[in-house]
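Asks: Before we start, here is the structure in question, set down as structure tokens.
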Amino acid sequence: MARAGEVVAGCLEMMKQHCRPGVTTAELDEKAERFIRKHNGTPTFKGYRGFPASICASPNGMVVHGIPGPYALKDGDIISLDVGVTLDGWVGDGAVTVAAGEPGQLALRLMEVTQASLMRAIAKCVPGNHLGDVSHAVEEYVEANGFAVVRTLVGHGIGRNMHEDPQIPNFGMAGEGPLLKEGMVFAIEPMVNAGTHRVVVGEDKWAISTADGSLSAHFEHTVALIENRPRILTLAKEQEAPGLGTALPLW
Ligand code: MG
């Protein structure tokens, strides 16, 4: 899983470099697929329940599951990029939201808060905690910062399949839910809206957008509970995990 996660991390880093005004989401998808296959992976999303592409590309008010296409990034856009990689039968899943050109203050803060909420959730991924501790960490931080957690979409267990039990909501009660144990692996993925938490499904039946058109951000890591601590499997080697000290990728 660490090797699959490494390809996810590399692919997201590569796409970040290409997120400039004028680039289309279809071009990002094409580059992602080439990257994944070059690293001996297969794009997990492609064909998943009929999804036609290797990445989800969701700009601005789109929350998740955007189908790549002719949309060209504009200066100041933010875009959520989500990618899954299967390698030797194991899956890694990760997402980032990045800006093309110069984002506005609100967009910057939304991205910072969403990423920080993910790191806070990951810090709770230690044996002996409950799943509710992970969920609650996201909700508490996001709401303290005046944003809203999407409630109808959740993170998930991950392993041989992309979506395994348990579901991991981004809201919940601390101390409740399943007990976390050594060896569990989770895809934790806060989806955070600047306005209402409510979302709507697009005409293509895939794209999910904020109901009020407000901006949305999405960050995701695949995290393993190993040796009594969280190890982020989808963190690029040169990246840091803010506030997590030694919980860095060791692969
Ligand atoms: Mg996921």
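Going through the structure tokens in order, the chains are called A, B, and so on, while each chain numbers its residues from 1 and the ligands are numbered from 1 in the order shown.
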Please list as a ChimeraX atom specification every residue within 12 Å of Val201 (chain A), counting only C-alpha atoms and excluding residues in the same chain fewer than 2 positions away.
Replies: /A:61-66,152-153,198-199,203-211
Asks: When DSSP is applied to the backbone of this structure, which of region 91-148 of chain A are assigned strand (DSSP E or B)? Write them out as a tab-separated table (two decimals) with C-alpha atoms, in the first residue's frame.
Replies:
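The result, written out as result39.tsv:
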```tsv
chain	number	residue	atom	x	y	z
A	91	VAL	CA	-4.90	0.77	-3.53
A	92	GLY	CA	-3.79	4.27	-2.55
A	93	ASP	CA	-6.10	7.29	-2.64
A	94	GLY	CA	-5.27	10.96	-2.18
A	95	ALA	CA	-6.46	14.45	-3.05
A	96	VAL	CA	-5.29	18.05	-2.91
A	97	THR	CA	-6.82	21.40	-3.69
A	98	VAL	CA	-4.51	23.85	-5.45
A	99	ALA	CA	-4.79	27.26	-7.01
A	127	PRO	CA	-4.57	2.57	18.35
A	129	ASN	CA	-8.68	6.05	19.90
A	130	HIS	CA	-12.12	5.72	18.38
A	148	ALA	CA	-18.91	23.89	6.77
```
Asks: Select the residues contacting ligand 1 at a distance of at most 7 Å, based on only C-alpha atoms and all ligand atoms, then format the selection as a PDB file with C-alpha atoms, in the first residue's frame.
Replies:
```
ATOM      1  CA  ASP A  93      -6.099   7.288  -2.635  1.00  0.00           C
ATOM      2  CA  GLY A  94      -5.270  10.963  -2.181  1.00  0.00           C
ATOM      3  CA  GLY A 155     -13.836   8.939   3.857  1.00  0.00           C
ATOM      4  CA  HIS A 156     -13.374   5.173   3.959  1.00  0.00           C
ATOM      5  CA  ALA A 187      -8.565   7.219   3.439  1.00  0.00           C
ATOM      6  CA  GLU A 189     -10.844  13.143   3.209  1.00  0.00           C
ATOM      7  CA  GLU A 220      -7.188  13.362   1.291  1.00  0.00           C
TER       8      GLU A 220
END
```
Asks: Write out as a list of chain:residue names each polymer residue whose atoms come within 8 Å of Cys56 (chain A), counting only C-alpha atoms; drop sequence neighbours fewer than 3 positions from it.
Replies: A:Ala53, A:Val64, A:His65, A:Gly66, A:Ile67, A:Pro68, A:Ser80, A:Leu81, A:Asp82, A:Val83
Asks: Tell me which protein, DNA and RNA residues are within 12 Å of His18 (chain A), counting only C-alpha atoms, leaving out same-chain ones fewer than 2 positions away, and put them as number ranges by chain.
Replies: A: 11-16, 20-32, 72-73, 79, 81, 98-101
Asks: Would you list the contacts of Val185 (chain A) as a ChimeraX atom specification, taking every protein, DNA or RNA residue within 12 Å and counting only C-alpha atoms, but skipping same-chain residues closer than 5 positions in sequence?
Replies: /A:1-2,5,90-93,122,125-127,131,155-168,180,221-226,229-234
